[in-house]
>>> print(open('entry_0.csv').read())   # CSV, C-alpha atoms
chain,number,residue,atom,x,y,z
A,1,MET,CA,96.4,-37.6,84.3
A,2,ASN,CA,93.4,-35.6,82.9
A,3,LEU,CA,95.6,-33.2,81.0
A,4,SER,CA,93.7,-34.0,77.8
A,5,ALA,CA,90.2,-34.0,79.3
A,6,ASP,CA,87.5,-32.2,77.5
A,7,ASN,CA,86.5,-30.6,80.7
A,8,ALA,CA,88.7,-27.5,81.2
A,9,LEU,CA,88.4,-27.6,85.0
A,10,ALA,CA,89.6,-31.2,85.0
A,11,ARG,CA,92.7,-30.1,83.1
A,12,GLU,CA,93.2,-27.3,85.6
A,13,ALA,CA,93.0,-29.8,88.5
A,14,ALA,CA,95.5,-32.0,86.7
A,15,VAL,CA,98.0,-29.2,86.2
A,16,ALA,CA,97.7,-28.2,89.9
A,17,ARG,CA,98.2,-31.8,91.0
A,18,LEU,CA,101.2,-32.5,88.8
A,19,THR,CA,102.8,-29.2,89.8
A,20,VAL,CA,102.6,-30.3,93.4
A,21,ILE,CA,104.2,-33.6,92.5
A,22,GLY,CA,107.0,-31.6,90.9
A,23,ALA,CA,110.2,-33.2,89.6
A,24,ARG,CA,108.7,-36.8,89.8
A,25,ALA,CA,106.1,-35.8,87.2
A,26,VAL,CA,108.5,-34.2,84.7
A,27,GLU,CA,109.1,-37.3,82.5
A,28,ARG,CA,105.4,-38.0,82.2
A,29,LEU,CA,104.7,-34.4,81.4
A,30,ILE,CA,107.3,-34.3,78.7
A,31,VAL,CA,105.6,-37.2,77.0
A,32,ALA,CA,102.3,-35.4,77.2
A,33,ALA,CA,103.8,-32.2,75.9
A,34,GLU,CA,105.1,-34.0,72.9
A,35,SER,CA,102.2,-36.3,72.0
A,36,ALA,CA,98.9,-35.4,73.7
A,37,ALA,CA,96.0,-33.6,72.1
A,38,PRO,CA,96.5,-29.9,71.8
A,39,GLY,CA,94.7,-29.0,75.0
A,40,GLY,CA,96.7,-31.6,76.8
A,41,ARG,CA,100.0,-30.3,75.4
A,42,VAL,CA,99.2,-26.8,76.5
A,43,ALA,CA,98.3,-28.1,80.0
A,44,ALA,CA,101.5,-30.1,80.2
A,45,PHE,CA,103.6,-27.1,79.3
A,46,ARG,CA,101.9,-25.1,81.9
A,47,ALA,CA,102.7,-27.6,84.6
A,48,LEU,CA,106.3,-27.8,83.3
A,49,GLU,CA,106.6,-24.1,83.5
A,50,ALA,CA,105.5,-24.1,87.1
A,51,ILE,CA,108.0,-26.9,88.0
A,52,ALA,CA,110.9,-25.3,86.0
A,53,ASP,CA,112.9,-28.5,85.6
A,54,PRO,CA,115.7,-28.2,83.0
A,55,ARG,CA,114.7,-31.5,81.5
A,56,ALA,CA,111.8,-29.7,79.9
A,57,LEU,CA,113.8,-27.2,78.0
A,58,ASP,CA,114.6,-29.1,74.8
A,59,VAL,CA,111.0,-30.2,74.2
A,60,ALA,CA,109.8,-26.6,75.0
A,61,ILE,CA,112.2,-25.0,72.5
A,62,HIS,CA,111.2,-27.6,69.8
A,63,ALA,CA,107.5,-26.9,70.5
A,64,THR,CA,107.9,-23.1,70.0
A,65,ASP,CA,107.7,-23.9,66.3
A,66,ALA,CA,104.3,-25.6,66.7
A,67,ALA,CA,101.6,-24.6,64.2
A,68,ASP,CA,99.1,-24.3,67.0
A,69,SER,CA,99.7,-20.9,68.5
A,70,SER,CA,98.4,-21.9,72.0
A,71,ILE,CA,101.0,-24.8,72.1
A,72,ALA,CA,103.8,-22.5,70.9
A,73,ALA,CA,102.9,-19.8,73.5
A,74,ALA,CA,102.8,-22.4,76.3
A,75,ALA,CA,106.2,-23.7,75.2
A,76,ILE,CA,107.6,-20.2,75.3
A,77,GLY,CA,106.4,-19.9,78.9
A,78,VAL,CA,108.6,-22.9,79.8
A,79,ALA,CA,111.6,-21.6,77.8
A,80,ARG,CA,111.3,-18.3,79.6
A,81,MET,CA,112.1,-20.0,82.9
A,82,PHE,CA,115.6,-20.7,81.7
A,83,ILE,CA,116.4,-17.4,80.0
A,84,ARG,CA,119.1,-16.7,82.7
A,85,GLY,CA,120.3,-20.2,83.1
A,86,PRO,CA,123.3,-22.1,81.7
A,87,ARG,CA,121.6,-22.4,78.3
A,88,GLY,CA,120.2,-18.9,78.4
A,89,ALA,CA,122.0,-17.9,75.2
A,90,SER,CA,120.2,-20.5,73.1
A,91,VAL,CA,116.9,-19.6,74.7
A,92,VAL,CA,117.4,-15.9,73.9
A,93,ASP,CA,118.3,-16.8,70.3
A,94,ALA,CA,115.2,-18.9,69.9
A,95,LEU,CA,112.9,-16.3,71.4
A,96,THR,CA,114.4,-13.4,69.5
A,97,GLY,CA,113.9,-15.3,66.2
A,98,ILE,CA,110.3,-15.8,67.1
A,99,ALA,CA,109.7,-12.2,68.0
A,100,LEU,CA,111.2,-11.1,64.7
A,101,ALA,CA,109.4,-13.7,62.5
A,102,ARG,CA,106.7,-11.7,60.7
A,103,ASN,CA,105.1,-14.9,59.5
A,104,ARG,CA,104.4,-16.2,63.0
A,105,PRO,CA,101.0,-15.5,64.8
A,106,GLU,CA,100.8,-12.2,66.7
A,107,SER,CA,100.1,-14.0,70.0
A,108,VAL,CA,103.2,-16.1,69.7
A,109,ARG,CA,105.5,-13.2,68.8
A,110,LEU,CA,104.1,-11.2,71.7
A,111,ALA,CA,104.7,-14.1,74.1
A,112,ALA,CA,108.3,-14.3,72.9
A,113,LEU,CA,108.9,-10.5,73.1
A,114,ARG,CA,107.4,-10.3,76.6
A,115,SER,CA,109.6,-13.2,77.8
A,116,LEU,CA,112.7,-11.4,76.6
A,117,MET,CA,111.7,-8.4,78.8
A,118,ASP,CA,113.2,-10.3,81.7
A,119,LEU,CA,116.7,-9.3,80.3
A,120,GLU,CA,118.5,-6.1,80.9
A,121,ARG,CA,117.5,-3.1,78.8
A,122,PRO,CA,120.8,-2.8,76.9
A,123,THR,CA,120.6,-6.5,75.9
A,124,ILE,CA,117.1,-6.1,74.3
A,125,ALA,CA,117.5,-2.6,72.9
A,126,PRO,CA,118.6,-3.7,69.4
A,127,LEU,CA,115.5,-6.0,69.2
A,128,LEU,CA,113.2,-3.3,70.3
A,129,ALA,CA,114.7,-1.0,67.7
A,130,ALA,CA,114.2,-3.6,65.0
A,131,LEU,CA,110.6,-4.0,66.0
A,132,ALA,CA,109.8,-0.3,66.1
A,133,SER,CA,108.9,-0.4,62.4
A,134,ASP,CA,107.3,-3.8,62.4
A,135,PRO,CA,104.2,-4.0,60.1
A,136,ASN,CA,102.2,-5.6,62.9
A,137,ALA,CA,100.7,-2.8,64.9
A,138,ALA,CA,100.5,-4.8,68.2
A,139,ILE,CA,104.2,-5.8,68.0
A,140,GLN,CA,105.2,-2.2,67.1
A,141,ARG,CA,103.2,-0.9,70.1
A,142,GLU,CA,104.6,-3.4,72.5
A,143,ALA,CA,108.2,-2.7,71.4
A,144,ALA,CA,107.6,1.0,71.8
A,145,LEU,CA,106.0,0.5,75.3
A,146,GLN,CA,109.0,-1.6,76.4
A,147,SER,CA,111.5,0.9,74.9
A,148,ASP,CA,110.4,3.6,77.3
A,149,PRO,CA,109.6,2.5,80.9
A,150,ARG,CA,107.9,5.9,81.5
A,151,ASP,CA,105.5,5.3,78.7
A,152,ARG,CA,104.9,1.7,79.9
A,153,ALA,CA,104.2,2.9,83.5
A,154,ALA,CA,101.6,5.4,82.1
A,155,GLN,CA,99.8,2.5,80.3
A,156,ILE,CA,99.6,0.2,83.3
A,157,ILE,CA,96.1,0.2,84.9
A,158,ASP,CA,96.0,0.5,88.6
A,159,PRO,CA,94.6,-2.9,89.8
A,160,ILE,CA,92.5,-1.2,92.5
A,161,ASP,CA,90.9,1.0,89.8
A,162,GLU,CA,90.3,-2.1,87.7
A,163,VAL,CA,88.5,-3.9,90.5
A,164,MET,CA,86.4,-0.9,91.5
A,165,ARG,CA,85.4,-0.3,87.9
A,166,ALA,CA,84.3,-3.9,87.6
A,167,ALA,CA,82.5,-3.8,90.9
A,168,GLU,CA,80.6,-0.5,90.4
A,169,HIS,CA,80.1,-0.2,86.6
A,170,LYS,CA,80.8,-2.9,84.1
A,171,LEU,CA,82.9,-6.1,83.9
A,172,PRO,CA,85.7,-6.0,81.3
A,173,ASP,CA,85.7,-8.3,78.3
A,174,ASP,CA,89.0,-9.8,79.4
A,175,ALA,CA,88.5,-12.2,82.4
A,176,SER,CA,92.2,-12.7,82.8
A,177,ALA,CA,92.9,-9.0,83.3
A,178,LEU,CA,90.3,-8.8,86.0
A,179,HIS,CA,91.6,-12.0,87.6
A,180,ALA,CA,95.1,-10.4,87.8
A,181,ALA,CA,93.7,-7.2,89.3
A,182,VAL,CA,91.8,-9.1,92.0
A,183,VAL,CA,94.8,-11.2,92.9
A,184,SER,CA,96.9,-8.0,93.1
A,185,ALA,CA,94.4,-5.7,94.9
A,186,GLY,CA,92.2,-8.2,96.7
A,187,ASP,CA,93.9,-7.5,100.1
A,188,THR,CA,93.3,-3.8,99.7
A,189,VAL,CA,90.0,-3.0,98.1
A,190,ALA,CA,86.8,-2.6,100.2
A,191,LEU,CA,85.1,-5.9,101.1
A,192,PRO,CA,81.8,-4.9,99.5
A,193,ALA,CA,83.6,-4.4,96.2
A,194,LEU,CA,84.8,-8.0,96.3
A,195,LEU,CA,81.3,-9.2,97.0
A,196,SER,CA,80.0,-7.1,94.1
A,197,ILE,CA,82.6,-8.8,91.8
A,198,ILE,CA,81.4,-12.2,93.0
A,199,VAL,CA,77.8,-11.4,92.2
A,200,ARG,CA,78.5,-9.8,88.8
A,201,VAL,CA,80.9,-12.5,87.7
A,202,ARG,CA,78.4,-15.3,88.7
A,203,GLU,CA,75.8,-13.7,86.5
A,204,ARG,CA,78.3,-13.5,83.7
A,205,GLU,CA,79.3,-17.1,84.1
A,206,ALA,CA,75.6,-18.2,83.7
A,207,SER,CA,75.4,-16.5,80.3
A,208,ASP,CA,78.8,-17.2,78.8
A,209,THR,CA,80.2,-20.1,76.8
A,210,PRO,CA,81.9,-23.0,78.7
A,211,PRO,CA,85.5,-22.0,78.0
A,212,ARG,CA,84.9,-18.4,79.0
A,213,ARG,CA,82.8,-19.5,81.9
A,214,MET,CA,85.8,-21.2,83.4
A,215,ALA,CA,87.9,-18.1,83.1
A,216,TRP,CA,85.2,-16.1,84.9
A,217,MET,CA,84.9,-18.7,87.6
A,218,ARG,CA,88.6,-18.2,88.3
A,219,VAL,CA,87.9,-14.5,88.8
A,220,ARG,CA,85.2,-15.4,91.3
A,221,ALA,CA,87.4,-17.9,93.1
A,222,SER,CA,90.2,-15.2,93.5
A,223,ALA,CA,87.7,-12.8,95.0
A,224,HIS,CA,86.6,-15.5,97.5
A,225,ALA,CA,90.2,-16.2,98.4
A,226,ALA,CA,90.8,-12.5,99.0
A,227,LEU,CA,87.7,-12.3,101.3
A,228,ALA,CA,88.8,-15.4,103.2
A,229,ARG,CA,92.3,-14.1,103.8
A,230,ARG,CA,90.7,-11.1,105.5
A,231,GLY,CA,88.4,-13.3,107.6
A,232,SER,CA,85.2,-12.1,105.8
A,233,ARG,CA,82.2,-14.4,105.5
A,234,ILE,CA,80.0,-12.0,103.5
A,235,ALA,CA,80.0,-14.3,100.5
A,236,ILE,CA,79.9,-17.6,102.2
A,237,TYR,CA,76.5,-18.3,100.7
A,238,ASP,CA,78.1,-18.3,97.3
A,239,LEU,CA,80.8,-20.7,98.4
A,240,ARG,CA,78.1,-23.1,99.6
A,241,GLU,CA,75.9,-22.7,96.6
A,242,SER,CA,78.8,-23.2,94.2
A,243,LEU,CA,79.6,-26.5,95.8
A,244,ASP,CA,75.9,-27.5,95.6
A,245,SER,CA,75.4,-26.6,92.0
A,246,SER,CA,78.7,-27.4,90.4
A,247,SER,CA,79.1,-30.7,88.6
A,248,ASP,CA,82.7,-29.8,87.7
A,249,LEU,CA,85.8,-29.4,89.8
A,250,LEU,CA,86.0,-26.0,91.3
A,251,PRO,CA,89.2,-23.9,91.3
A,252,VAL,CA,91.3,-24.6,94.4
A,253,GLU,CA,90.7,-21.1,95.7
A,254,PHE,CA,87.1,-22.0,96.5
A,255,LEU,CA,88.2,-24.9,98.6
A,256,SER,CA,90.9,-22.8,100.3
A,257,ALA,CA,88.4,-20.1,101.2
A,258,LEU,CA,86.1,-22.8,102.6
A,259,SER,CA,89.0,-23.9,104.9
A,260,LEU,CA,89.5,-20.4,106.1
A,261,VAL,CA,85.9,-19.1,106.6
A,262,GLY,CA,83.5,-21.9,106.0
A,263,ASP,CA,81.0,-22.7,108.7
A,264,ALA,CA,78.6,-25.6,109.7
A,265,SER,CA,76.2,-24.6,106.9
A,266,CYS,CA,78.8,-25.6,104.3
A,267,LEU,CA,79.5,-29.1,105.6
A,268,GLU,CA,76.7,-30.9,103.8
A,269,ALA,CA,77.7,-29.3,100.5
A,270,ILE,CA,81.3,-30.3,101.1
A,271,ALA,CA,80.2,-33.9,101.8
A,272,ALA,CA,78.0,-34.0,98.7
A,273,ALA,CA,80.8,-32.7,96.5
A,274,TYR,CA,83.1,-35.3,98.0
A,275,THR,CA,80.8,-38.1,96.9
A,276,ARG,CA,80.6,-36.7,93.4
A,277,SER,CA,84.3,-36.3,92.9
A,278,ASN,CA,86.6,-39.0,91.5
A,279,GLU,CA,89.7,-36.8,91.9
A,280,THR,CA,92.0,-37.6,94.8
A,281,TRP,CA,93.4,-34.1,94.7
A,282,CYS,CA,89.9,-32.5,95.0
A,283,ARG,CA,88.8,-35.0,97.7
A,284,ASP,CA,91.9,-34.2,99.7
A,285,HIS,CA,91.1,-30.4,99.6
A,286,LEU,CA,87.5,-31.0,100.5
A,287,THR,CA,88.5,-33.2,103.4
A,288,ASP,CA,90.9,-30.5,104.6
A,289,ALA,CA,88.1,-27.9,104.4
A,290,PHE,CA,85.7,-30.2,106.3
A,291,ARG,CA,88.1,-30.9,109.1
A,292,ALA,CA,89.1,-27.2,109.4
A,293,ILE,CA,85.4,-26.2,109.8
A,294,VAL,CA,84.7,-28.9,112.3
A,295,ALA,CA,87.7,-27.9,114.4
A,296,ARG,CA,87.0,-24.1,114.2
A,297,GLU,CA,83.4,-24.5,115.0
A,298,LYS,CA,84.1,-27.1,117.7
A,299,LEU,CA,81.5,-29.5,116.4
A,300,THR,CA,81.0,-32.9,117.8
A,301,ARG,CA,79.3,-36.0,116.3
A,302,ARG,CA,76.2,-34.9,118.2
A,303,HIS,CA,75.8,-31.7,116.1
A,304,ALA,CA,72.7,-31.8,113.9
A,305,VAL,CA,74.6,-31.3,110.7
A,306,LEU,CA,77.1,-34.1,111.4
A,307,LYS,CA,74.2,-36.4,112.3
A,308,ARG,CA,72.5,-35.7,109.0
A,309,ILE,CA,75.7,-36.3,107.1
A,310,ALA,CA,76.4,-39.5,109.0
A,311,LYS,CA,72.9,-40.7,108.2
A,312,ARG,CA,73.0,-39.9,104.5
A,313,TRP,CA,76.7,-40.6,103.8
A,314,PRO,CA,78.1,-42.8,106.6
A,315,SER,CA,81.3,-43.7,104.6
A,316,VAL,CA,81.9,-40.0,103.9
A,317,ILE,CA,81.6,-38.9,107.5
A,318,SER,CA,84.0,-41.7,108.4
A,319,ALA,CA,86.6,-40.7,105.8
A,320,MET,CA,86.3,-36.9,106.3
A,321,ALA,CA,85.9,-36.5,110.1
A,322,ASN,CA,88.7,-38.8,111.1
A,323,GLY,CA,92.4,-37.8,110.7
>>> encode(input="entry_0.csv", output="structure tokens")
Amino acid sequence: MNLSADNALAREAAVARLTVIGARAVERLIVAAESAAPGGRVAAFRALEAIADPRALDVAIHATDAADSSIAAAAIGVARMFIRGPRGASVVDALTGIALARNRPESVRLAALRSLMDLERPTIAPLLAALASDPNAAIQREAALQSDPRDRAAQIIDPIDEVMRAAEHKLPDDASALHAAVVSAGDTVALPALLSIIVRVREREASDTPPRRMAWMRVRASAHAALARRGSRIAIYDLRESLDSSSDLLPVEFLSALSLVGDASCLEAIAAAYTRSNETWCRDHLTDAFRAIVAREKLTRRHAVLKRIAKRWPSVISAMANG
């Protein structure tokens, strides 16, 4: 497992792979959640949240007290999955205590408060009332927002507006907010707007720090996925160039988009990425994309691109073209 890898994209790949493995990976993930380096613990809790296996609940509740706010928030995400389960009462008690604890970091308290919003309004009304006078402005504002659904609705930004603003004017500072907007509105907004997002975000990636670069790359990947679902190839050049230039693992949406809309011009980049990757998970997705393109384009071994690949990487063409 690469959950504690220094490379953030490698951690992302490990989370995706372990999530697919599911229940069989839970025991290993629990060990990592308890004893790995901070980044590895966060990644382990993210995978456990996606799997939602009850065996993870005890370690998650215990880790909500972690001094590292990112670990505590990730553990809260796991606990949230069981808020309506047989042990829901203990989960609610733990999260309520965190939301009320004025000595805890703001981000952790907000994570607990937002998790409790899955409950019925009468259940959380006393908590919201108690937080209405909290000295932390962000907590007070969130409690007020949750107390009145009408006020909350007024605060929510339309994802289509968010995407169009980023495409036509300026990218927001928060990559995660734009990512959520693209995921929500990608099947609706105009195709040129998605292309503009890809272009603008790629420029932002080039000038940002490595951790933030990864977050922006996920935005670009989500835009590619949206274009591919709609059968558009207007950004296929960026898919190809991303494979050519990246020394890291790409978000899985890139590879899914290649499977859906990639053409013969992408095959050499896929083969080269296959040779660079040591990740079985990534190689499997690259192979799927390669085979999907070959089948869709009705390419034979006599095609010029496949001949070049066979000459340069004979073992790769054998592994990827067969199956």
>>> residues_near_point(input="entry_0.csv", point="(79.4, -14.3, 101.7)", cutoff="12 Å", atoms="all atoms listed in the file", output="ChimeraX atom specification")
/A:191-192,194-199,220,223-228,231-242,257-258,261-263,265-266
>>> atom_distance(input="entry_0.csv", atom1="CA of Arg276 (chain A)", atom2="CA of Leu29 (chain A)")
27.0 Å
>>> atom_distance(input="entry_0.csv", atom1="CA of Ala79 (chain A)", atom2="CA of Val91 (chain A)")
6.5 Å
>>> atom_distance(input="entry_0.csv", atom1="CA of Ala72 (chain A)", atom2="CA of Pro159 (chain A)")
28.7 Å
>>> closest_residue(input="entry_0.csv", among="A:Ile270, A:Val183, A:Leu100, A:Arg312", to="Glu253 (chain A)", atoms="all atoms listed in the file")
A:Val183
>>> residues_near_point(input="entry_0.csv", point="(105.0, -33.6, 87.6)", cutoff="12 Å", atoms="only C-alpha atoms", output="ChimeraX atom specification")
/A:1,3,14-33,43-53,55-56
>>> residues_around(input="entry_0.csv", residues="Ala180 (chain A)", least_positions_apart="2", cutoff="10 Å", atoms="only C-alpha atoms", output="ChimeraX atom specification")
/A:159,162-163,175-178,182-186,219,222
>>> write_last_selection(input="entry_0.csv", atoms="C-alpha atoms", output="compact mmCIF listing (two decimals), in the coordinates of the input")
# COMPACT_ATOMS: atom_id res chain seq x y z
CA PRO A 159 94.60 -2.90 89.80
CA GLU A 162 90.30 -2.10 87.70
CA VAL A 163 88.50 -3.90 90.50
CA ALA A 175 88.50 -12.20 82.40
CA SER A 176 92.20 -12.70 82.80
CA ALA A 177 92.90 -9.00 83.30
CA LEU A 178 90.30 -8.80 86.00
CA VAL A 182 91.80 -9.10 92.00
CA VAL A 183 94.80 -11.20 92.90
CA SER A 184 96.90 -8.00 93.10
CA ALA A 185 94.40 -5.70 94.90
CA GLY A 186 92.20 -8.20 96.70
CA VAL A 219 87.90 -14.50 88.80
CA SER A 222 90.20 -15.20 93.50
>>> closest_residue(input="entry_0.csv", among="A:Ala132, A:Ala181, A:Ala67, A:Met81", to="Asp158 (chain A)", atoms="only C-alpha atoms")
A:Ala181
>>> closest_residue(input="entry_0.csv", among="A:Glu34, A:Glu168, A:Asp134, A:Asp288", to="Glu106 (chain A)", atoms="all atoms listed in the file")
A:Asp134
